[in-house]
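Trainee: Got entry_9.cif for you, mmCIF, C-alpha atoms:
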data_upload
loop_
_atom_site.label_atom_id
_atom_site.label_comp_id
_atom_site.auth_asym_id
_atom_site.auth_seq_id
_atom_site.Cartn_x
_atom_site.Cartn_y
_atom_site.Cartn_z
CA MET A 28 1.69 -5.27 45.07
CA ARG A 29 -0.46 -8.19 43.79
CA ASN A 30 0.39 -7.42 40.17
CA LEU A 31 4.06 -7.20 41.10
CA VAL A 32 3.80 -10.69 42.61
CA GLY A 33 2.17 -11.83 39.35
CA LEU A 34 4.96 -10.24 37.31
CA ILE A 35 7.66 -12.02 39.32
CA LEU A 36 5.75 -15.31 39.41
CA PHE A 37 5.10 -15.45 35.68
CA GLY A 38 8.66 -14.31 34.89
CA ILE A 39 9.99 -17.26 36.87
CA LEU A 40 7.39 -19.59 35.35
CA ALA A 41 8.28 -18.53 31.81
CA ILE A 42 11.96 -19.23 32.48
CA ILE A 43 11.19 -22.66 33.99
CA GLN A 44 8.78 -23.45 31.15
CA SER A 45 11.26 -22.62 28.39
CA THR A 46 14.34 -24.05 30.08
CA ILE A 47 13.16 -27.20 31.86
CA VAL A 48 9.55 -28.12 31.06
CA SER A 49 9.96 -27.77 27.28
CA ARG A 50 12.95 -30.15 27.44
CA MET A 51 10.85 -32.83 29.14
CA PRO A 52 8.26 -33.81 26.52
CA LEU A 53 5.88 -36.75 26.63
CA LEU A 54 5.97 -37.91 23.00
CA ASN A 55 5.92 -34.37 21.53
CA GLY A 56 3.62 -32.75 24.07
CA THR A 57 4.70 -30.58 26.98
CA ALA A 58 2.98 -29.21 30.07
CA ASP A 59 1.93 -25.55 30.08
CA LEU A 60 2.82 -24.15 33.50
CA ILE A 61 1.70 -20.62 32.71
CA LEU A 62 -1.76 -21.79 31.64
CA LEU A 63 -2.13 -23.97 34.74
CA PHE A 64 -1.18 -21.11 37.07
CA ILE A 65 -3.59 -18.74 35.32
CA ILE A 66 -6.57 -21.09 35.55
CA ALA A 67 -5.71 -22.13 39.13
CA TRP A 68 -5.62 -18.43 40.02
CA ALA A 69 -8.92 -17.76 38.26
CA LEU A 70 -10.59 -20.50 40.30
CA GLN A 71 -9.67 -18.99 43.66
CA ASP A 72 -12.20 -17.07 45.79
CA ARG A 73 -11.83 -13.32 46.43
CA VAL A 74 -9.17 -13.00 43.70
CA ASP A 75 -9.70 -9.85 41.58
CA THR A 76 -6.46 -9.74 39.56
CA VAL A 77 -7.25 -12.61 37.19
CA TRP A 78 -7.23 -10.52 33.98
CA GLN A 79 -4.07 -8.66 34.92
CA TRP A 80 -2.24 -11.91 35.69
CA CYS A 81 -3.63 -13.36 32.48
CA LEU A 82 -2.17 -10.43 30.53
CA ILE A 83 1.20 -10.80 32.27
CA GLY A 84 1.25 -14.58 31.64
CA GLY A 85 0.25 -14.09 28.01
CA VAL A 86 2.98 -11.52 27.40
CA PHE A 87 5.65 -13.74 28.98
CA ALA A 88 4.51 -16.82 27.02
CA SER A 89 4.51 -14.78 23.79
CA LEU A 90 8.01 -13.53 24.56
CA TYR A 91 9.37 -17.08 24.55
CA SER A 92 7.35 -18.37 21.62
CA ALA A 93 7.57 -17.82 17.89
CA LEU A 94 3.77 -17.99 17.66
CA PRO A 95 2.18 -14.63 16.70
CA LEU A 96 1.85 -12.26 19.71
CA GLY A 97 -1.92 -12.40 20.02
CA VAL A 98 -2.18 -16.21 20.07
CA TYR A 99 -1.15 -16.85 23.66
CA LEU A 100 -2.74 -13.62 24.91
CA GLY A 101 -6.09 -14.43 23.30
CA ALA A 102 -6.00 -18.08 24.31
CA TYR A 103 -5.18 -17.26 27.94
CA PHE A 104 -7.93 -14.63 28.14
CA ILE A 105 -10.45 -17.17 26.81
CA CYS A 106 -9.18 -19.73 29.34
CA ALA A 107 -9.46 -17.28 32.23
CA GLY A 108 -13.03 -16.56 31.13
CA ILE A 109 -13.84 -20.29 31.00
CA ALA A 110 -12.29 -20.78 34.44
CA ARG A 111 -14.37 -17.93 35.94
CA LEU A 112 -17.49 -19.37 34.34
CA LEU A 113 -16.83 -22.89 35.59
CA LYS A 114 -16.00 -21.57 39.07
CA ARG A 115 -19.55 -20.25 39.31
CA ARG A 116 -21.00 -23.56 38.06
CA ILE A 117 -18.86 -26.00 40.06
CA TRP A 118 -18.13 -23.84 43.11
CA LYS A 119 -18.72 -26.68 45.61
CA ALA A 120 -15.92 -28.88 44.28
CA PRO A 121 -12.91 -26.69 43.43
CA PHE A 122 -10.65 -29.63 42.55
CA LEU A 123 -13.23 -30.94 40.10
CA ALA A 124 -13.49 -27.44 38.65
CA MET A 125 -9.69 -27.36 38.28
CA LEU A 126 -9.70 -30.70 36.45
CA ALA A 127 -12.54 -29.70 34.13
CA THR A 128 -10.97 -26.31 33.44
CA THR A 129 -7.54 -27.84 32.78
CA PHE A 130 -9.08 -30.29 30.32
CA ILE A 131 -11.03 -27.65 28.39
CA CYS A 132 -8.39 -24.91 28.52
CA THR A 133 -5.53 -27.16 27.41
CA LEU A 134 -7.58 -28.10 24.36
CA VAL A 135 -8.43 -24.43 23.74
CA VAL A 136 -4.80 -23.25 23.91
CA LEU A 137 -3.44 -26.09 21.78
CA LEU A 138 -6.20 -25.85 19.18
CA ILE A 139 -5.70 -22.07 18.90
CA SER A 140 -1.94 -22.63 18.51
CA LEU A 141 -2.58 -25.29 15.88
CA ALA A 142 -5.01 -23.01 14.05
CA ALA A 143 -2.45 -20.18 14.15
CA ARG A 144 0.17 -22.41 12.52
CA LEU A 145 -2.25 -23.67 9.91
CA LEU A 146 -3.31 -20.08 9.12
CA THR A 147 0.32 -19.05 8.66
CA GLY A 148 0.59 -21.63 5.89
CA VAL A 149 2.35 -24.43 7.74
CA ASN A 150 1.11 -27.87 6.81
CA ILE A 151 0.48 -29.85 10.00
CA PRO A 152 -1.37 -33.20 9.99
CA ILE A 153 -4.27 -32.92 12.45
CA ILE A 154 -4.32 -36.59 13.51
CA SER A 155 -0.58 -36.63 14.29
CA SER A 156 -0.98 -33.39 16.24
CA LEU A 157 -3.78 -34.93 18.26
CA ASN A 158 -1.89 -38.14 19.01
CA LEU A 159 1.58 -36.75 19.55
CA ILE A 160 1.02 -33.27 20.99
CA ILE A 161 -2.50 -32.56 22.18
CA LEU A 162 -3.24 -35.76 24.13
CA PRO A 163 0.20 -36.05 25.81
CA SER A 164 0.09 -32.33 26.75
CA LEU A 165 -3.39 -32.84 28.16
CA LEU A 166 -2.20 -35.73 30.31
CA LEU A 167 0.80 -33.76 31.63
CA ASN A 168 -1.39 -30.76 32.45
CA LEU A 169 -3.93 -32.94 34.27
CA ILE A 170 -1.15 -34.51 36.35
CA LEU A 171 0.18 -31.07 37.33
CA ALA A 172 -3.27 -29.55 37.91
CA PHE A 173 -3.69 -30.63 41.57
CA PRO A 174 -0.31 -29.50 42.96
CA ILE A 175 -0.58 -26.18 41.13
CA PHE A 176 -4.11 -25.63 42.42
CA SER A 177 -2.84 -26.18 45.99
CA ILE A 178 0.02 -23.73 45.48
CA MET A 179 -2.32 -21.07 44.13
CA HIS A 180 -4.82 -21.73 46.92
CA ASP A 181 -2.11 -20.96 49.47
CA MET A 182 -0.99 -17.94 47.50
CA ALA A 183 -4.55 -16.61 47.34
CA GLY A 184 -4.79 -17.01 51.13
CA TRP A 185 -1.58 -15.00 51.48
CA LEU A 186 -2.44 -12.22 49.03
CA TYR A 187 -6.15 -12.05 49.93
CA PRO A 188 -6.42 -12.86 53.64
CA GLU A 189 -9.94 -13.79 54.76
CA GLU A 190 -11.66 -11.12 56.80
CA LEU A 191 -12.62 -12.26 60.28
CA LYS A 192 -16.16 -11.48 61.35
CA VAL A 193 -16.49 -10.76 65.06
CA MET B 26 -23.66 -1.83 41.09
CA LYS B 27 -21.92 1.03 42.82
CA THR B 28 -19.13 -1.20 44.06
CA ASN B 29 -18.64 -2.75 40.61
CA SER B 30 -18.34 0.52 38.67
CA PRO B 31 -14.86 1.63 39.87
CA ARG B 32 -13.59 -1.94 39.31
CA SER B 33 -14.77 -2.06 35.72
CA MET B 34 -13.38 1.45 35.23
CA GLN B 35 -10.06 0.22 36.61
CA LEU B 36 -10.15 -2.77 34.29
CA PHE B 37 -11.02 -0.53 31.32
CA VAL B 38 -8.09 1.79 32.11
CA PHE B 39 -5.85 -1.26 32.53
CA ILE B 40 -6.83 -2.67 29.13
CA LEU B 41 -6.36 0.78 27.53
CA LEU B 42 -2.90 0.99 29.08
CA ALA B 43 -2.07 -2.51 27.87
CA LEU B 44 -3.20 -1.67 24.33
CA GLY B 45 -1.17 1.56 24.41
CA ILE B 46 1.94 -0.27 25.55
CA THR B 47 1.42 -2.95 22.89
CA GLY B 48 1.05 -0.23 20.26
CA LEU B 49 4.22 1.51 21.39
CA ALA B 50 6.07 -1.81 21.42
CA LEU B 51 4.92 -2.65 17.89
CA GLY B 52 6.05 0.81 16.75
CA GLY B 53 9.50 0.16 18.17
CA TYR B 54 9.36 2.97 20.72
CA LEU B 55 9.94 0.64 23.63
CA THR B 56 13.16 -0.88 22.29
CA PRO B 57 15.49 0.80 24.88
CA LEU B 58 13.03 -0.12 27.64
CA SER B 59 12.68 -3.70 26.38
CA ARG B 60 16.47 -3.96 26.27
CA VAL B 61 16.63 -2.97 29.96
CA PHE B 62 13.89 -5.51 30.68
CA LEU B 63 15.16 -8.35 28.48
CA ASN B 64 18.86 -8.30 29.43
CA PRO B 65 18.30 -9.41 33.06
CA LEU B 66 15.80 -11.98 31.76
CA VAL B 67 18.40 -13.39 29.33
CA SER B 68 21.00 -13.49 32.14
CA ALA B 69 18.58 -15.33 34.44
CA GLN B 70 17.73 -17.68 31.58
CA SER B 71 21.44 -18.44 30.94
CA TRP B 72 22.02 -19.02 34.64
CA LEU B 73 19.12 -21.47 34.95
CA ALA B 74 19.97 -23.27 31.68
CA LYS B 75 23.54 -23.88 32.89
CA ARG B 76 22.33 -25.16 36.29
CA TYR B 77 19.81 -27.42 34.56
CA GLN B 78 22.47 -28.87 32.24
CA ALA B 79 24.72 -29.46 35.27
CA VAL B 80 21.93 -31.29 37.11
CA GLN B 81 21.09 -33.30 33.98
CA SER B 82 24.70 -34.38 33.56
CA LEU B 83 24.79 -35.28 37.28
CA ILE B 84 21.76 -37.52 36.82
CA THR B 85 23.12 -39.24 33.69
CA GLN B 86 26.61 -39.62 35.24
CA PRO B 87 26.05 -43.07 36.84
CA GLU B 88 25.27 -44.60 33.43
CA ASP B 89 28.54 -43.24 32.04
CA ILE B 90 30.48 -44.62 34.97
CA THR B 91 28.97 -48.09 34.52
CA SER B 92 29.77 -48.19 30.82
CA LEU B 93 33.22 -46.81 31.52
CA ARG B 94 33.94 -49.48 34.11
CA GLN B 95 32.84 -52.15 31.66
CA ARG B 96 35.08 -50.75 29.00
CA ASN B 97 37.94 -50.36 31.43
CA SER B 98 37.83 -54.02 32.35
CA GLU B 99 38.04 -54.94 28.67
CA LEU B 100 40.97 -52.64 28.07
CA GLU B 101 42.80 -53.51 31.29
CA ALA B 102 44.44 -56.51 29.73
CA GLU B 103 45.56 -54.51 26.75
CA ASN B 104 46.86 -51.34 28.21
CA SER B 105 46.47 -50.10 31.76
CA SER B 106 47.65 -46.60 31.01
CA LEU B 107 45.14 -46.29 28.18
CA GLN B 108 42.40 -47.36 30.57
CA VAL B 109 43.12 -44.45 32.88
CA GLN B 110 43.13 -42.07 29.99
CA ILE B 111 39.75 -43.31 28.76
CA VAL B 112 38.22 -42.97 32.23
CA ALA B 113 39.46 -39.41 32.41
CA LEU B 114 38.21 -38.58 28.93
CA GLN B 115 34.81 -40.18 29.30
CA ASN B 116 34.24 -38.48 32.61
CA GLN B 117 35.01 -35.08 31.14
CA VAL B 118 32.33 -34.71 28.52
CA THR B 119 32.02 -31.05 29.37
CA GLU B 120 31.28 -27.77 27.74
CA SER B 121 34.97 -27.05 27.18
CA GLU B 122 35.34 -30.22 25.09
CA LEU B 123 32.36 -29.23 23.02
CA LEU B 124 33.86 -25.79 22.48
CA ALA B 125 37.15 -27.35 21.43
CA THR B 126 35.32 -29.38 18.80
CA LEU B 127 33.60 -26.28 17.56
CA VAL B 128 36.91 -24.41 17.35
CA ASP B 129 38.28 -27.35 15.40
CA TYR B 130 35.34 -27.12 13.02
CA GLU B 131 36.02 -23.41 12.61
CA ARG B 132 39.64 -24.09 11.72
CA LYS B 133 38.64 -26.63 9.09
CA HIS B 134 36.12 -24.27 7.51
CA VAL B 135 38.08 -21.05 7.31
CA GLU B 136 35.90 -19.62 4.55
CA ASN B 137 33.24 -18.75 7.11
CA GLN B 138 33.21 -16.50 10.16
CA TYR B 139 31.52 -17.90 13.22
CA THR B 140 30.04 -16.71 16.48
CA ALA B 141 29.44 -19.30 19.19
CA ALA B 142 26.29 -19.14 21.31
CA SER B 143 24.66 -21.19 24.06
CA VAL B 144 21.12 -22.50 23.76
CA ILE B 145 19.28 -21.02 26.73
CA ALA B 146 15.64 -21.81 26.05
CA ARG B 147 13.20 -23.70 23.88
CA ASP B 148 9.92 -22.49 22.46
CA THR B 149 7.07 -22.77 24.97
CA SER B 150 4.67 -24.12 22.33
CA PRO B 151 4.97 -27.81 21.41
CA PHE B 152 3.93 -26.89 17.87
CA MET B 153 7.06 -24.80 17.35
CA HIS B 154 10.59 -26.18 17.00
CA TYR B 155 12.57 -23.07 17.88
CA VAL B 156 15.36 -22.41 20.36
CA ILE B 157 16.63 -19.19 21.91
CA ILE B 158 20.37 -18.46 22.00
CA ASP B 159 22.26 -16.00 24.19
CA ARG B 160 23.71 -13.84 21.39
CA GLY B 161 21.86 -11.07 19.59
CA SER B 162 22.23 -8.03 17.36
CA ASP B 163 24.82 -6.59 19.75
CA ASP B 164 27.07 -9.52 18.74
CA GLY B 165 26.50 -8.94 15.03
CA LEU B 166 23.76 -11.49 14.52
CA ARG B 167 21.11 -10.77 11.89
CA LYS B 168 17.89 -12.42 10.81
CA GLY B 169 18.42 -15.28 8.35
CA MET B 170 21.97 -16.20 9.39
CA PRO B 171 22.55 -19.99 9.27
CA VAL B 172 23.14 -21.85 12.54
CA ILE B 173 25.22 -25.02 12.69
CA THR B 174 27.11 -27.32 15.05
CA GLN B 175 30.20 -29.38 14.31
CA GLN B 176 27.81 -32.19 13.26
CA GLY B 177 25.77 -30.26 10.73
CA LEU B 178 23.01 -27.78 9.98
CA VAL B 179 20.77 -26.68 12.86
CA GLY B 180 18.58 -23.97 11.32
CA SER B 181 18.51 -20.24 10.78
CA ILE B 182 17.91 -17.14 12.87
CA ALA B 183 14.24 -16.16 12.76
CA ALA B 184 14.25 -13.13 15.08
CA VAL B 185 16.87 -11.08 16.89
CA THR B 186 16.87 -8.84 19.97
CA ALA B 187 19.87 -7.00 21.40
CA GLY B 188 21.05 -9.86 23.60
CA ALA B 189 19.29 -12.96 22.29
CA ALA B 190 18.05 -14.54 19.09
CA ARG B 191 15.40 -17.06 18.13
CA VAL B 192 16.50 -19.92 15.86
CA GLN B 193 14.12 -21.89 13.68
CA LEU B 194 15.32 -25.50 13.63
CA ILE B 195 15.27 -27.43 10.36
CA ASN B 196 12.83 -29.92 11.93
CA ASP B 197 10.19 -27.20 12.47
CA PRO B 198 7.12 -27.91 10.29
CA GLY B 199 7.47 -24.42 8.78
CA SER B 200 11.07 -24.96 7.68
CA SER B 201 12.17 -26.06 4.24
CA VAL B 202 15.74 -26.39 2.98
CA ASN B 203 16.96 -26.96 -0.55
CA VAL B 204 19.28 -29.95 -0.43
CA ILE B 205 21.30 -32.18 -2.70
CA LEU B 206 21.99 -35.89 -2.36
CA GLN B 207 25.76 -36.18 -2.32
CA LYS B 208 25.97 -39.53 -4.11
CA SER B 209 23.54 -39.01 -6.98
CA GLY B 210 23.67 -35.23 -7.15
CA GLU B 211 19.87 -35.19 -7.15
CA GLU B 212 18.17 -32.11 -5.76
CA ALA B 213 15.28 -32.21 -3.28
CA VAL B 214 13.49 -30.18 -0.61
CA LEU B 215 13.92 -31.04 3.06
CA ASN B 216 10.87 -30.33 5.24
CA GLY B 217 10.43 -30.45 9.00
CA GLN B 218 7.63 -32.42 10.61
CA ILE B 219 5.50 -31.90 13.71
CA THR B 220 7.11 -35.03 15.20
CA GLY B 221 10.55 -33.42 14.99
CA GLU B 222 11.61 -35.64 12.10
CA ILE B 223 12.80 -34.37 8.73
CA THR B 224 11.76 -35.69 5.34
CA LEU B 225 12.93 -35.27 1.77
CA ASP B 226 10.29 -34.30 -0.75
CA MET B 227 10.28 -33.55 -4.50
CA ILE B 228 12.85 -36.22 -5.39
CA SER B 229 12.49 -37.08 -9.05
CA GLN B 230 11.04 -40.54 -9.78
CA ASN B 231 14.08 -41.34 -11.93
CA ALA B 232 16.57 -40.54 -9.19
CA SER B 233 18.37 -43.39 -7.47
CA VAL B 234 18.19 -42.79 -3.72
CA GLN B 235 19.60 -45.33 -1.28
CA PRO B 236 19.44 -45.48 2.51
CA GLY B 237 22.71 -44.08 3.87
CA ASP B 238 23.08 -41.38 1.19
CA LEU B 239 24.38 -38.12 2.62
CA VAL B 240 22.13 -35.06 2.40
CA MET B 241 23.86 -31.67 2.02
CA THR B 242 22.55 -28.14 1.51
CA SER B 243 22.51 -27.18 -2.16
CA GLY B 244 22.71 -23.42 -1.69
CA LEU B 245 19.70 -22.90 -3.97
CA GLY B 246 17.29 -20.22 -2.84
CA GLY B 247 20.05 -18.32 -1.08
CA LYS B 248 18.87 -19.18 2.41
CA TYR B 249 21.78 -21.46 3.38
CA PRO B 250 25.33 -21.81 2.08
CA ALA B 251 26.05 -24.91 0.01
CA ASN B 252 27.64 -28.14 1.27
CA LEU B 253 26.52 -28.09 4.89
CA LEU B 254 25.79 -31.60 6.14
CA VAL B 255 22.12 -32.11 7.01
CA GLY B 256 21.82 -35.84 7.59
CA GLN B 257 21.58 -39.30 6.09
CA VAL B 258 18.74 -40.96 4.18
CA LEU B 259 17.00 -43.53 6.37
CA THR B 260 14.19 -44.94 4.25
CA VAL B 261 12.90 -44.21 0.76
CA ARG B 262 9.22 -44.23 -0.23
CA ASN B 263 8.54 -44.69 -3.91
CA GLU B 264 4.92 -45.03 -4.97
CA ALA B 265 4.22 -45.67 -8.61
CA SER B 266 1.23 -43.32 -8.68
CA ALA B 267 3.11 -40.43 -7.00
CA LEU B 268 4.85 -37.67 -8.93
CA PHE B 269 7.88 -37.64 -6.66
CA GLN B 270 9.72 -39.95 -4.29
CA THR B 271 9.96 -39.10 -0.61
CA ALA B 272 12.51 -40.18 1.98
CA SER B 273 12.95 -39.86 5.72
CA VAL B 274 16.26 -38.43 6.90
CA GLN B 275 18.23 -39.04 10.08
CA PRO B 276 19.46 -35.55 11.04
CA ALA B 277 23.17 -35.18 11.72
CA VAL B 278 22.38 -32.99 14.71
CA ASP B 279 20.65 -34.27 17.85
CA PHE B 280 18.14 -31.45 18.38
CA SER B 281 17.24 -32.61 21.90
CA GLN B 282 20.84 -32.17 23.06
CA LEU B 283 21.63 -28.75 21.62
CA ASP B 284 23.88 -26.84 24.03
CA ILE B 285 26.29 -24.77 21.97
CA VAL B 286 25.86 -23.69 18.35
CA LEU B 287 27.82 -21.70 15.78
CA ILE B 288 26.31 -18.90 13.72
CA ILE B 289 27.83 -18.20 10.30
CA THR B 290 28.04 -14.41 10.44
CA ASN B 291 29.53 -13.66 7.03
CA PHE B 292 26.75 -15.35 5.06
CA GLN B 293 24.14 -12.97 3.67
CA PRO B 294 20.86 -14.78 3.02
CA VAL B 295 19.04 -13.75 -0.16
CA ASP B 296 15.33 -13.04 -0.03
CA ILE B 297 13.94 -14.38 -3.30
CA SER B 298 10.28 -14.09 -2.30
CA PRO B 299 9.65 -11.00 -4.56
CA LEU B 300 10.80 -13.09 -7.53
CA ILE B 301 8.28 -15.87 -6.88
CA PRO B 302 5.17 -15.11 -8.93
CA SER B 303 1.93 -14.96 -6.96
CA PRO B 304 -1.08 -16.92 -8.31
CA GLY B 305 -2.82 -13.74 -9.58
CA THR B 306 0.16 -12.37 -11.53
CA PRO B 307 0.05 -12.84 -15.33
#
So, in terms of structure tokens, how does the structure I just supplied come out?
Mentor:
Amino acid sequence: MRNLVGLILFGILAIIQSTIVSRMPLLNGTADLILLFIIAWALQDRVDTVWQWCLIGGVFASLYSALPLGVYLGAYFICAGIARLLKRRIWKAPFLAMLATTFICTLVVLLISLAARLLTGVNIPIISSLNLIILPSLLLNLILAFPIFSIMHDMAGWLYPEELKV
Amino acid sequence: MKTNSPRSMQLFVFILLALGITGLALGGYLTPLSRVFLNPLVSAQSWLAKRYQAVQSLITQPEDITSLRQRNSELEAENSSLQVQIVALQNQVTESELLATLVDYERKHVENQYTAASVIARDTSPFMHYVIIDRGSDDGLRKGMPVITQQGLVGSIAAVTAGAARVQLINDPGSSVNVILQKSGEEAVLNGQITGEITLDMISQNASVQPGDLVMTSGLGGKYPANLLVGQVLTVRNEASALFQTASVQPAVDFSQLDIVLIITNFQPVDISPLIPSPGTP
């Protein structure tokens, strides 16, 4: 049931990402909705489907991108791992954890994508990439981090209701 | 520990399953299944893309109306009937008009066969300049086919599924097109940039290149047919110490406003990569 919800959610997210979000760039950078939903999910308490959702998100992102298949999958798995690690370290301030995770994970995903392109023989200037893609994308992701965290917090409460102790 | 063991077992089985499915998919065994899965996705994508374009045109409408009213007032004195016609025309910048232009283009270039397709998605990575169109191998599309609009060259098909195809735009950093400058007849290579701009490289130092020169495909390399308009030279950079001149090009196509494209289906791209000697070959 929970994985089915993830499948539907990331299907919709991938469509929105490729149809709307990718047409609304800041300079040349765009927000990464799938990444934000994965890390927001990984930062929730009681959630035990992080890796499955990560796999689903990675497959959907790869489906819509010309980057090699493993790039998004690998990057999202690393990000989910970072989010789980940071959750343990900054567990008292979840919003701060979300901000920190968004910052680190956006850099991870974009740098892995950049490395993948460089490895496939495409000549991309690093400084231009930093100024025109990485930093604007980072800003957009940080802006969207709070609302997405709230959405996923509510979703976690719905899918994993808290047990009442009598 | 006891509670964790079944969970890690479950995760292990899950990863095994995922690897198995990936293996089957890479081997092509899941093609019928992926077709069943991808077709509804493509339909949903088309539906959302059309709604989004409608909303976008609704948002930009007020600007059109303002400019139209301004223009109307100027034309009123001249011809009132013409004014009405202009209002009607300007207000109907719709898909059907675009299609009519494309049909017109088709009629003018009868040597080619075309298939029209809608752009339904863009690549999710900001490092990639690719779009996804709603026609695939079921419609006769093949990898390498050139994609154009009535304005000029858009790119070429990089991957095809049954109902959709991925197009690499000419402004992708991985794209290079052999071109010719119409005025001087000088040959050059057009490369995409990460910023979405396109530049001309490998222009001979002796060549005379002026801003405004038209850039057309040369047909060399067999990737694109000859004489497709690519753009216009904007600025020329000529350094005395450099081996070649470079120039920035204003593309004929507005890549941010791609809605409908034409695919040239009777052009067979030639793969010349086996003929290019590798560094180790004698």
Trainee: Edge lengths and centre in Å to one decimal, as AutoDock Vina command-line options, of the axis-aligned box that encloses all listed atoms of stretch 119-126 of chain A with 5 Å added on every side?
Mentor:
--center_x -14.2 --center_y -28.8 --center_z 41.0 --size_x 19.0 --size_y 14.3 --size_z 19.2
Trainee: For the atom pair atom CA of B:Ala79 and atom CA of A:Ile42, what is the interatomic distance in Å to one decimal place?
Mentor: 16.6 Å
Trainee: For each of A:Leu169, A:Leu141, A:Leu191, A:Val77, take the minimum atom-to-atom distance to A:Ile109, counting all atoms listed in the file, then give the residue where this is smallest.
Mentor: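 Once distances to A:Ile109 are computed over all atoms listed in the file, the minimum belongs to A:Val77.
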Trainee: At a cut-off of 6 Å, can you tabulate as a Markdown table every residue of chain A near chain B together with its closest atom pair and the distance in Å to one decimal, using only C-alpha atoms and ordering rows by chain then number?
Mentor:
| residue | atom | partner | partner_atom | distance |
| --- | --- | --- | --- | --- |
| A:Ser45 | CA | B:Arg147 | CA | 5.0 |
| A:Thr46 | CA | B:Ala146 | CA | 4.8 |
| A:Gly56 | CA | B:Pro151 | CA | 5.8 |
| A:Tyr91 | CA | B:Asp148 | CA | 5.8 |
| A:Ser92 | CA | B:Asp148 | CA | 4.9 |
| A:Val149 | CA | B:Gly199 | CA | 5.2 |
Trainee: Mind listing as a ChimeraX atom specification all residues within 12 Å of (-5.7, -17.6, 40.6), counting all atoms listed in the file?
Mentor: /A:29-30,32-33,36,61-81,84,106-107,110-111,114,121,125,175-187
Trainee: I'd like the interatomic distance between atom CA of B:Leu206 and atom CA of B:Gln176, to a tenth of an Å.
Mentor: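 Atom-to-atom, atom CA of B:Leu206 and atom CA of B:Gln176 are spaced 17.1 Å apart.
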Trainee: May I ask for the distance between atom CA of B:Leu239 and atom CA of B:Lys208, given in Å to one decimal place?
Mentor: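 One can read the atom CA of B:Leu239 to atom CA of B:Lys208 distance as 7.1 Å.
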Trainee: Just say which residues the PyMOL selection byres ((chain A and resi 94) around 8) picks in this file, as a VMD selection string.
Mentor: (chain A and resid 89 92 to 93 95 to 96 98 to 99 140 143 to 144) or (chain B and resid 150 153)
Trainee: Would you mind exporting the chosen residues as a CSV table (one decimal), keeping the file's coordinate frame, restricted to C-alpha atoms?
Mentor:
chain,number,residue,atom,x,y,z
A,89,SER,CA,4.5,-14.8,23.8
A,92,SER,CA,7.4,-18.4,21.6
A,93,ALA,CA,7.6,-17.8,17.9
A,95,PRO,CA,2.2,-14.6,16.7
A,96,LEU,CA,1.8,-12.3,19.7
A,98,VAL,CA,-2.2,-16.2,20.1
A,99,TYR,CA,-1.2,-16.8,23.7
A,140,SER,CA,-1.9,-22.6,18.5
A,143,ALA,CA,-2.4,-20.2,14.2
A,144,ARG,CA,0.2,-22.4,12.5
B,150,SER,CA,4.7,-24.1,22.3
B,153,MET,CA,7.1,-24.8,17.4
Trainee: So which residues get picked by the PyMOL selection byres ((chain A and resi 161) around 9) here, written as a PyMOL selection string?
Mentor: (chain A and resi 55-57+133-134+137-138+156-160+162-166) or (chain B and resi 151)
